[in-house]
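Asker: Please find entry.csv (CSV, C-alpha atoms) on the next line:
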chain,number,residue,atom,x,y,z
A,24,MET,CA,9.3,55.8,68.6
A,25,ARG,CA,12.6,55.0,66.9
A,26,PRO,CA,15.8,55.1,69.2
A,27,PRO,CA,18.2,57.9,68.5
A,28,LEU,CA,20.8,57.3,65.8
A,29,LYS,CA,23.6,57.6,68.4
A,30,SER,CA,22.2,54.7,70.4
A,31,LEU,CA,21.8,52.6,67.3
A,32,LEU,CA,25.5,53.3,66.4
A,33,VAL,CA,26.7,52.4,69.9
A,34,ALA,CA,24.7,49.1,69.8
A,35,ALA,CA,26.1,48.3,66.4
A,36,LEU,CA,29.7,49.0,67.5
A,37,LEU,CA,29.2,46.9,70.7
A,38,ALA,CA,27.8,44.0,68.7
A,39,ALA,CA,30.7,44.2,66.3
A,40,LEU,CA,33.6,45.0,68.5
A,41,GLY,CA,32.6,44.1,72.0
A,42,VAL,CA,33.0,46.4,74.9
A,43,GLY,CA,36.8,46.3,74.8
A,44,GLY,CA,36.9,47.1,71.1
A,45,TYR,CA,34.2,49.8,71.5
A,46,LEU,CA,36.1,51.5,74.3
A,47,LEU,CA,39.3,51.4,72.1
A,48,TRP,CA,37.3,52.9,69.2
A,49,GLN,CA,35.9,55.5,71.6
A,50,GLN,CA,39.4,56.3,72.9
A,51,ARG,CA,40.6,57.0,69.4
A,52,HIS,CA,37.8,59.4,68.8
A,53,ASN,CA,37.7,60.8,72.3
A,54,PRO,CA,41.2,60.1,73.7
A,55,LEU,CA,41.3,59.4,77.4
A,56,PRO,CA,43.9,61.3,79.5
A,57,ALA,CA,47.3,59.7,79.9
A,58,GLY,CA,47.9,57.7,83.0
A,59,LEU,CA,45.1,55.2,82.5
A,60,VAL,CA,45.5,51.5,81.7
A,61,MET,CA,42.9,49.0,80.5
A,62,ALA,CA,42.5,45.3,81.0
A,63,ASN,CA,39.9,42.7,80.2
A,64,GLY,CA,38.2,40.4,82.7
A,65,ARG,CA,35.0,38.8,84.0
A,66,LEU,CA,33.0,39.5,87.1
A,67,GLU,CA,33.4,36.8,89.8
A,68,ALA,CA,31.5,36.1,93.0
A,69,THR,CA,31.9,33.4,95.7
A,70,GLU,CA,29.6,30.4,95.3
A,71,ALA,CA,28.5,28.7,98.5
A,72,ASP,CA,26.8,25.3,98.6
A,73,VAL,CA,23.9,24.3,100.8
A,74,ALA,CA,24.6,20.7,101.7
A,75,SER,CA,23.1,18.2,104.1
A,76,ARG,CA,25.1,16.9,107.0
A,77,LEU,CA,22.7,14.0,107.2
A,78,ALA,CA,21.8,11.2,104.8
A,79,GLY,CA,18.1,11.1,104.3
A,80,ARG,CA,15.1,12.1,102.2
A,81,LEU,CA,14.7,15.7,101.3
A,82,ILE,CA,11.1,16.6,102.3
A,83,ALA,CA,11.2,20.4,101.6
A,84,LEU,CA,13.2,22.8,99.5
A,85,THR,CA,11.8,26.3,99.4
A,86,PRO,CA,13.9,28.7,97.2
A,87,LYS,CA,13.8,28.6,93.4
A,88,GLU,CA,16.7,29.5,91.1
A,89,GLY,CA,17.1,33.2,91.2
A,90,ASP,CA,15.5,33.7,94.6
A,91,ARG,CA,17.3,35.8,97.2
A,92,VAL,CA,18.1,34.2,100.5
A,93,ASP,CA,19.5,35.6,103.8
A,94,VAL,CA,22.3,34.1,105.8
A,95,GLY,CA,20.9,31.6,108.3
A,96,ALA,CA,17.4,31.5,106.8
A,97,PRO,CA,15.9,28.0,106.5
A,98,VAL,CA,15.8,26.8,102.9
A,99,GLY,CA,15.0,23.1,103.2
A,100,ARG,CA,14.4,20.1,105.5
A,101,ILE,CA,15.6,16.5,105.7
A,102,ASP,CA,13.3,13.9,107.1
A,103,VAL,CA,14.6,13.2,110.7
A,104,ALA,CA,11.7,11.1,112.1
A,105,ASP,CA,14.0,8.3,113.1
A,106,LEU,CA,16.3,10.7,114.9
A,107,VAL,CA,13.3,12.2,116.7
A,108,ALA,CA,12.4,8.7,117.9
A,109,GLN,CA,16.0,8.1,119.0
A,110,ARG,CA,15.8,11.4,120.9
A,111,ALA,CA,12.7,10.2,122.8
A,112,GLN,CA,14.6,7.1,123.7
A,113,ALA,CA,17.5,9.2,124.9
A,114,ASP,CA,15.1,11.2,127.1
A,115,ALA,CA,14.0,8.0,128.7
A,116,GLN,CA,17.6,7.0,129.3
A,117,VAL,CA,18.3,10.4,130.9
A,118,LEU,CA,15.3,9.9,133.2
A,119,ALA,CA,16.4,6.4,134.1
A,120,ALA,CA,20.0,7.6,134.8
A,121,THR,CA,18.6,10.4,137.1
A,122,GLN,CA,16.5,7.8,139.0
A,123,ALA,CA,19.5,5.6,139.3
A,124,ILE,CA,21.4,8.5,140.9
A,125,ALA,CA,18.6,9.0,143.4
A,126,GLU,CA,18.6,5.3,144.2
A,127,ALA,CA,22.4,5.2,144.6
A,128,GLU,CA,22.3,8.3,146.8
A,129,ALA,CA,19.7,6.5,149.0
A,130,GLY,CA,22.0,3.6,149.2
A,131,VAL,CA,24.8,5.9,150.4
A,132,ALA,CA,22.5,7.3,153.1
A,133,SER,CA,21.5,3.8,154.2
A,134,ALA,CA,25.2,2.6,154.3
A,135,GLN,CA,26.1,5.7,156.3
A,136,SER,CA,23.3,5.0,158.8
A,137,SER,CA,24.5,1.4,159.1
A,138,ARG,CA,28.1,2.7,159.7
A,139,ALA,CA,26.9,5.1,162.3
A,140,LEU,CA,25.1,2.3,164.1
A,141,ALA,CA,28.1,0.0,163.9
A,142,ARG,CA,30.4,2.6,165.3
A,143,ALA,CA,28.0,3.3,168.2
A,144,THR,CA,27.7,-0.4,168.9
A,145,LEU,CA,31.5,-0.7,168.9
A,146,LYS,CA,31.8,2.2,171.3
A,147,ARG,CA,29.3,0.6,173.7
A,148,SER,CA,30.9,-2.8,173.4
A,149,ALA,CA,34.3,-1.3,174.2
A,150,GLU,CA,32.9,0.2,177.4
A,151,LEU,CA,31.2,-3.0,178.4
A,152,VAL,CA,34.3,-5.1,177.7
A,153,GLU,CA,36.3,-2.6,179.8
A,154,ARG,CA,33.9,-3.1,182.7
A,155,GLY,CA,34.0,-6.9,182.2
A,156,PHE,CA,30.4,-7.3,181.1
A,157,LEU,CA,31.3,-8.6,177.6
A,158,SER,CA,34.1,-10.8,176.2
A,159,ALA,CA,36.8,-9.5,174.0
A,160,GLN,CA,35.4,-11.7,171.2
A,161,ARG,CA,32.3,-9.4,171.0
A,162,LEU,CA,34.6,-6.4,170.6
A,163,ASP,CA,36.3,-8.1,167.6
A,164,THR,CA,32.9,-8.8,166.0
A,165,ASP,CA,31.8,-5.2,166.4
A,166,ARG,CA,35.0,-3.9,164.9
A,167,ALA,CA,34.5,-6.2,161.9
A,168,ALA,CA,31.0,-4.8,161.6
A,169,VAL,CA,32.3,-1.2,161.5
A,170,ARG,CA,34.8,-2.1,158.8
A,171,ALA,CA,32.1,-3.8,156.8
A,172,ALA,CA,29.8,-0.7,157.2
A,173,GLU,CA,32.6,1.6,156.0
A,174,ALA,CA,33.2,-0.6,153.0
A,175,ALA,CA,29.5,-0.5,152.2
A,176,VAL,CA,29.6,3.3,152.3
A,177,ARG,CA,32.5,3.4,149.9
A,178,ALA,CA,30.8,1.0,147.5
A,179,ALA,CA,27.6,3.0,147.7
A,180,THR,CA,29.6,6.2,146.9
A,181,VAL,CA,31.1,4.5,143.9
A,182,ARG,CA,27.6,3.5,142.7
A,183,VAL,CA,26.6,7.2,142.9
A,184,GLU,CA,29.6,8.3,140.8
A,185,ALA,CA,28.8,5.6,138.2
A,186,ALA,CA,25.2,6.6,138.1
A,187,ARG,CA,26.2,10.3,137.6
A,188,ALA,CA,28.6,9.2,134.8
A,189,ASN,CA,25.8,7.3,133.2
A,190,GLU,CA,23.6,10.4,133.4
A,191,THR,CA,26.3,12.5,131.8
A,192,ALA,CA,26.6,10.0,129.0
A,193,ALA,CA,22.9,9.9,128.5
A,194,GLN,CA,22.7,13.7,128.4
A,195,ALA,CA,25.5,13.9,125.9
A,196,ALA,CA,23.7,11.4,123.7
A,197,ARG,CA,20.6,13.5,124.0
A,198,GLN,CA,22.4,16.7,123.1
A,199,ARG,CA,24.0,14.9,120.1
A,200,LEU,CA,20.6,13.9,118.8
A,201,ASP,CA,19.4,17.5,119.4
A,202,VAL,CA,22.2,18.7,117.1
A,203,LEU,CA,21.4,16.0,114.5
A,204,VAL,CA,17.7,16.9,114.5
A,205,ALA,CA,18.6,20.6,114.1
A,206,ASP,CA,20.9,19.7,111.2
A,207,GLY,CA,17.8,18.4,109.4
A,208,GLU,CA,16.9,22.1,108.9
A,209,LEU,CA,19.0,23.3,106.0
A,210,ARG,CA,20.0,26.9,106.2
A,211,ALA,CA,21.7,29.4,103.8
A,212,PRO,CA,25.4,29.8,104.6
A,213,VAL,CA,25.5,33.3,103.0
A,214,SER,CA,23.2,36.0,101.8
A,215,GLY,CA,22.8,35.9,98.1
A,216,ARG,CA,21.0,34.6,95.1
A,217,VAL,CA,20.2,30.9,94.4
A,218,LEU,CA,22.2,29.9,91.3
A,219,TYR,CA,21.4,26.2,91.0
A,220,ARG,CA,18.7,24.1,92.5
A,221,LEU,CA,20.4,20.7,92.4
A,222,VAL,CA,17.7,18.3,93.7
A,223,GLU,CA,14.0,18.3,94.3
A,224,PRO,CA,11.9,17.3,97.3
A,225,GLY,CA,11.6,13.5,97.6
A,226,ALA,CA,15.1,12.8,96.6
A,227,VAL,CA,17.4,10.9,99.0
A,228,VAL,CA,20.6,12.8,99.6
A,229,ALA,CA,23.8,11.4,101.0
A,230,ALA,CA,25.7,12.9,103.9
A,231,GLY,CA,27.3,16.0,102.4
A,232,GLY,CA,25.0,16.0,99.5
A,233,LYS,CA,24.5,19.4,97.9
A,234,VAL,CA,20.9,20.8,97.3
A,235,LEU,CA,21.5,24.4,96.4
A,236,THR,CA,24.3,26.7,95.2
A,237,VAL,CA,24.1,30.3,96.3
A,238,ILE,CA,26.0,33.2,95.0
A,239,ASP,CA,27.4,35.4,97.8
A,240,LEU,CA,26.6,39.0,96.7
A,241,SER,CA,28.4,40.6,99.5
A,242,GLU,CA,31.6,40.7,97.3
A,243,ALA,CA,32.1,40.8,93.6
A,244,THR,CA,35.5,40.9,92.0
A,245,MET,CA,37.3,41.0,88.6
A,246,THR,CA,40.7,39.5,88.0
A,247,VAL,CA,42.9,41.2,85.4
A,248,PHE,CA,46.5,40.9,84.3
A,249,LEU,CA,48.7,43.9,83.9
A,250,PRO,CA,52.2,44.2,82.5
A,251,ALA,CA,55.0,44.8,84.9
A,252,GLU,CA,55.3,48.5,84.2
A,253,ALA,CA,51.7,49.1,85.0
A,254,ALA,CA,51.5,46.6,88.0
A,255,GLY,CA,54.4,48.4,89.6
A,256,THR,CA,52.5,51.7,89.8
A,257,VAL,CA,49.2,50.5,91.2
A,258,ASN,CA,48.6,49.8,94.9
A,259,VAL,CA,46.0,48.0,97.0
A,260,GLY,CA,43.2,50.4,97.8
A,261,ASP,CA,43.5,52.5,94.6
A,262,GLU,CA,40.3,53.3,92.8
A,263,ALA,CA,39.3,51.6,89.5
A,264,ARG,CA,36.4,51.5,87.2
A,265,LEU,CA,34.7,48.5,85.6
A,266,VAL,CA,32.7,48.7,82.4
A,267,PHE,CA,30.7,45.7,81.4
A,268,ASP,CA,29.4,44.6,78.0
A,269,ALA,CA,25.9,44.7,79.5
A,270,TRP,CA,26.2,48.3,80.7
A,271,PRO,CA,28.7,50.1,78.5
A,272,ASP,CA,27.5,53.5,79.7
A,273,ARG,CA,27.4,52.6,83.4
A,274,PRO,CA,30.9,52.5,84.9
A,275,VAL,CA,31.0,50.6,88.2
A,276,PRO,CA,33.3,51.9,91.0
A,277,ALA,CA,35.9,49.4,92.3
A,278,ARG,CA,39.1,49.3,94.3
A,279,ILE,CA,42.3,47.3,93.9
A,280,SER,CA,42.1,44.5,96.6
A,281,PHE,CA,45.1,42.4,95.6
A,282,VAL,CA,48.3,42.8,93.5
A,283,ALA,CA,50.4,39.6,93.0
A,284,ASP,CA,53.9,39.7,94.3
A,285,LYS,CA,55.2,37.4,91.5
A,286,SER,CA,54.7,37.7,87.8
A,287,GLN,CA,53.0,35.1,85.6
A,288,PHE,CA,53.4,34.0,82.0
A,289,THR,CA,57.2,34.5,82.5
A,290,PRO,CA,59.5,33.1,79.9
A,291,ARG,CA,62.4,31.0,81.0
A,292,GLU,CA,65.0,33.6,79.8
A,293,VAL,CA,64.2,37.3,79.9
A,294,GLU,CA,66.7,39.1,77.7
A,295,THR,CA,64.9,41.6,75.5
A,296,ARG,CA,62.3,44.3,76.1
A,297,SER,CA,59.7,42.4,74.1
A,298,GLU,CA,60.1,39.4,76.4
A,299,ARG,CA,60.0,41.6,79.5
A,300,GLU,CA,56.6,42.8,78.3
A,301,LYS,CA,55.3,39.2,78.7
A,302,LEU,CA,55.7,39.6,82.4
A,303,MET,CA,52.1,39.8,83.7
A,304,PHE,CA,50.9,40.4,87.2
A,305,ARG,CA,47.6,39.3,88.5
A,306,VAL,CA,45.5,42.1,90.0
A,307,LYS,CA,42.1,41.7,91.7
A,308,LEU,CA,39.5,44.5,91.7
A,309,SER,CA,36.6,44.5,94.2
A,310,VAL,CA,33.4,46.3,93.5
A,311,THR,CA,32.6,48.8,96.2
A,312,ALA,CA,30.2,47.6,98.9
A,313,ASP,CA,27.9,50.7,98.5
A,314,TRP,CA,27.4,50.0,94.8
A,315,LEU,CA,26.7,46.3,95.5
A,316,ALA,CA,24.2,47.1,98.2
A,317,THR,CA,22.1,49.0,95.7
A,318,HIS,CA,22.7,46.9,92.6
A,319,ALA,CA,22.7,43.3,94.0
A,320,ASP,CA,19.8,42.2,91.9
A,321,THR,CA,21.6,43.2,88.7
A,322,VAL,CA,25.0,41.6,89.4
A,323,LYS,CA,25.6,38.5,87.4
A,324,PRO,CA,28.9,36.7,87.8
A,325,GLY,CA,30.5,35.8,84.5
A,326,MET,CA,29.8,39.1,82.8
A,327,ALA,CA,32.6,40.2,80.6
A,328,GLY,CA,34.0,43.7,80.8
A,329,VAL,CA,36.9,46.0,80.9
A,330,ALA,CA,38.8,47.4,84.0
A,331,TRP,CA,40.3,50.8,83.9
A,332,LEU,CA,43.0,51.7,86.4
A,333,ARG,CA,44.9,54.9,87.1
A,334,LEU,CA,48.7,54.7,87.0
A,335,ASP,CA,48.7,58.1,88.8
A,336,PRO,CA,46.1,58.7,91.5
A,337,ALA,CA,46.2,62.4,90.8
A,338,THR,CA,44.9,61.7,87.2
A,339,PRO,CA,41.2,62.7,87.1
A,340,TRP,CA,38.7,60.2,85.8
A,341,PRO,CA,37.3,61.2,82.4
A,342,ALA,CA,33.6,61.9,82.2
A,343,GLN,CA,32.7,58.6,80.6
A,344,LEU,CA,34.2,56.7,83.6
A,345,VAL,CA,32.5,58.7,86.3
A,346,PRO,CA,29.7,56.6,87.9
Step by step, read the file and then write its structure as structure tokens.
Answerer:
Amino acid sequence: MRPPLKSLLVAALLAALGVGGYLLWQQRHNPLPAGLVMANGRLEATEADVASRLAGRLIALTPKEGDRVDVGAPVGRIDVADLVAQRAQADAQVLAATQAIAEAEAGVASAQSSRALARATLKRSAELVERGFLSAQRLDTDRAAVRAAEAAVRAATVRVEAARANETAAQAARQRLDVLVADGELRAPVSGRVLYRLVEPGAVVAAGGKVLTVIDLSEATMTVFLPAEAAGTVNVGDEARLVFDAWPDRPVPARISFVADKSQFTPREVETRSEREKLMFRVKLSVTADWLATHADTVKPGMAGVAWLRLDPATPWPAQLVP
């Protein structure tokens, strides 16, 4: 079945004029209401790289180009066998540090017991010296024994603190290795579509080496430039419509998300009206989230199109720009 003549005519005009030229031709034959302004642009989306924090051999990379991935989903894996071995060694060091604490605490208990015995001995010696059964020299010896026992308690306490510090350091080293081993699992930073698969399994990647590029489909924008007269009448939050070459009969709803405060392409001296018309302001349009949620698979950054904006929000959208 042959396509209708109207469809063939539209296709021919699009091929010859592009969407901008086609819309201008359409406007001449079906004039749009006053209060609309048109500007050309391309669809843009944020690109996020999946990179390895570790240097090592890539042993798995699941997604292919064009596949959808969800934020946080595992997409690849770096060989971390050496880190796993280091973690086992760190486990042994933590265990040794724990045992050293127990040994040091036992030393404290022993030193405290010796101190208690020395104090009791000193007390008895003092009573016996007072009664004349022992010489004062024995009292001096027992006092020295008490001081030595107290010093031993302090030394044992310091050994406990040192052992606990060693345990803390061993646990921190163990936790660091846990993090590094976990970093061997590469995860998607955003939800989107895989744009580039940069390496293949078996390749050795450097620290920070990129393995995938993912397009974040949660936001899509088009940047256009408007003359000063038009830019001065539009505001952030105003509705807009995007018409792409690929879908000339499917306008896409959008909103103004940014209007530059300063003009661009400004001549050094602005004296005449023709020069003032060279003042252009950058305006960013964001595709509405509801539309993106239902058309994420068809969005392709780089698509050329035309943005339509209303200079007066009260101006109704013409039928050909109603989604």
Asker: Grab the atom CA of A:Glu88 to atom CA of A:Leu221 distance for me, in Å with one decimal place.
Answerer: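 Separating atom CA of A:Glu88 from atom CA of A:Leu221 is a distance of 9.6 Å.
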Asker: One decimal, in Å: what's the spacing between atom CA of A:Pro346 and atom CA of A:Ser214?
Answerer: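 These atoms are spaced 25.7 Å apart.
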Asker: Quick one: everything within 8 Å of stretch 239-243 of chain A, counting all atoms listed in the file, minus sequence neighbours fewer than 4 positions away in the same chain. Send it as a CSV table (one decimal) with C-alpha atoms, keeping the file's coordinate frame.
Answerer:
chain,number,residue,atom,x,y,z
A,66,LEU,CA,33.0,39.5,87.1
A,67,GLU,CA,33.4,36.8,89.8
A,68,ALA,CA,31.5,36.1,93.0
A,69,THR,CA,31.9,33.4,95.7
A,70,GLU,CA,29.6,30.4,95.3
A,71,ALA,CA,28.5,28.7,98.5
A,213,VAL,CA,25.5,33.3,103.0
A,214,SER,CA,23.2,36.0,101.8
A,215,GLY,CA,22.8,35.9,98.1
A,216,ARG,CA,21.0,34.6,95.1
A,309,SER,CA,36.6,44.5,94.2
A,310,VAL,CA,33.4,46.3,93.5
A,312,ALA,CA,30.2,47.6,98.9
A,315,LEU,CA,26.7,46.3,95.5
A,316,ALA,CA,24.2,47.1,98.2
A,319,ALA,CA,22.7,43.3,94.0
A,322,VAL,CA,25.0,41.6,89.4
A,324,PRO,CA,28.9,36.7,87.8
Asker: Please determine, counting all atoms listed in the file, which residue among A:Leu209, A:Arg273, A:Ala195, A:Ser286 has the shortest atom-to-atom distance to A:Val117.
Answerer: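 Ranked by minimum distance to A:Val117, first place goes to A:Ala195.
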Asker: Here is a test: counting only C-alpha atoms, which residue of A:Lys323, A:Phe267, A:Leu344, A:Thr236 is nearest to A:Ala74?
Answerer: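 Closest to A:Ala74 of all the choices is A:Thr236.
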Asker: Considering all atoms listed in the file, return as a PyMOL selection string whatever protein or nucleic-acid residues lie within 10 Å of A:Ser136, sequence-local ones (same chain, fewer than 6 positions apart) excluded.
Answerer: chain A and resi 130+142+172+176
Asker: Could you tell me how far atom CA of A:Val282 sits from atom CA of A:Asp261, in Å to one decimal place?
Answerer: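 Spanning atom CA of A:Asp261 to atom CA of A:Val282 is a straight-line distance of 10.9 Å.
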Asker: Name the closest residue to A:Val131 among the candidates A:Gln343, A:Lys233, A:Ile238, A:Arg177; distances are taken between atoms, counting all atoms listed in the file.
Answerer: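 For A:Val131, the nearest of the given residues is A:Arg177.
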Asker: May I have the residues within 12 Å of A:Asp335 as a PDB file with C-alpha atoms, keeping the file's coordinate frame, using all atoms listed in the file and disregarding those fewer than 2 positions away in the same chain?
Answerer:
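Output below, filename out-v5.pdb:
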ATOM      1  CA  PRO A  56      43.900  61.300  79.500  1.00  0.00           C
ATOM      2  CA  ALA A  57      47.300  59.700  79.900  1.00  0.00           C
ATOM      3  CA  GLY A  58      47.900  57.700  83.000  1.00  0.00           C
ATOM      4  CA  LEU A  59      45.100  55.200  82.500  1.00  0.00           C
ATOM      5  CA  VAL A  60      45.500  51.500  81.700  1.00  0.00           C
ATOM      6  CA  ALA A 253      51.700  49.100  85.000  1.00  0.00           C
ATOM      7  CA  ALA A 254      51.500  46.600  88.000  1.00  0.00           C
ATOM      8  CA  GLY A 255      54.400  48.400  89.600  1.00  0.00           C
ATOM      9  CA  THR A 256      52.500  51.700  89.800  1.00  0.00           C
ATOM     10  CA  VAL A 257      49.200  50.500  91.200  1.00  0.00           C
ATOM     11  CA  ASN A 258      48.600  49.800  94.900  1.00  0.00           C
ATOM     12  CA  ASP A 261      43.500  52.500  94.600  1.00  0.00           C
ATOM     13  CA  GLU A 262      40.300  53.300  92.800  1.00  0.00           C
ATOM     14  CA  ALA A 263      39.300  51.600  89.500  1.00  0.00           C
ATOM     15  CA  LEU A 332      43.000  51.700  86.400  1.00  0.00           C
ATOM     16  CA  ARG A 333      44.900  54.900  87.100  1.00  0.00           C
ATOM     17  CA  ALA A 337      46.200  62.400  90.800  1.00  0.00           C
ATOM     18  CA  THR A 338      44.900  61.700  87.200  1.00  0.00           C
ATOM     19  CA  PRO A 339      41.200  62.700  87.100  1.00  0.00           C
ATOM     20  CA  TRP A 340      38.700  60.200  85.800  1.00  0.00           C
TER      21      TRP A 340
END
Asker: Pick from A:Val204, A:Ala141, A:Leu265, A:Leu118: nearest to A:Ala62, with only C-alpha atoms counted?
Answerer: A:Leu265
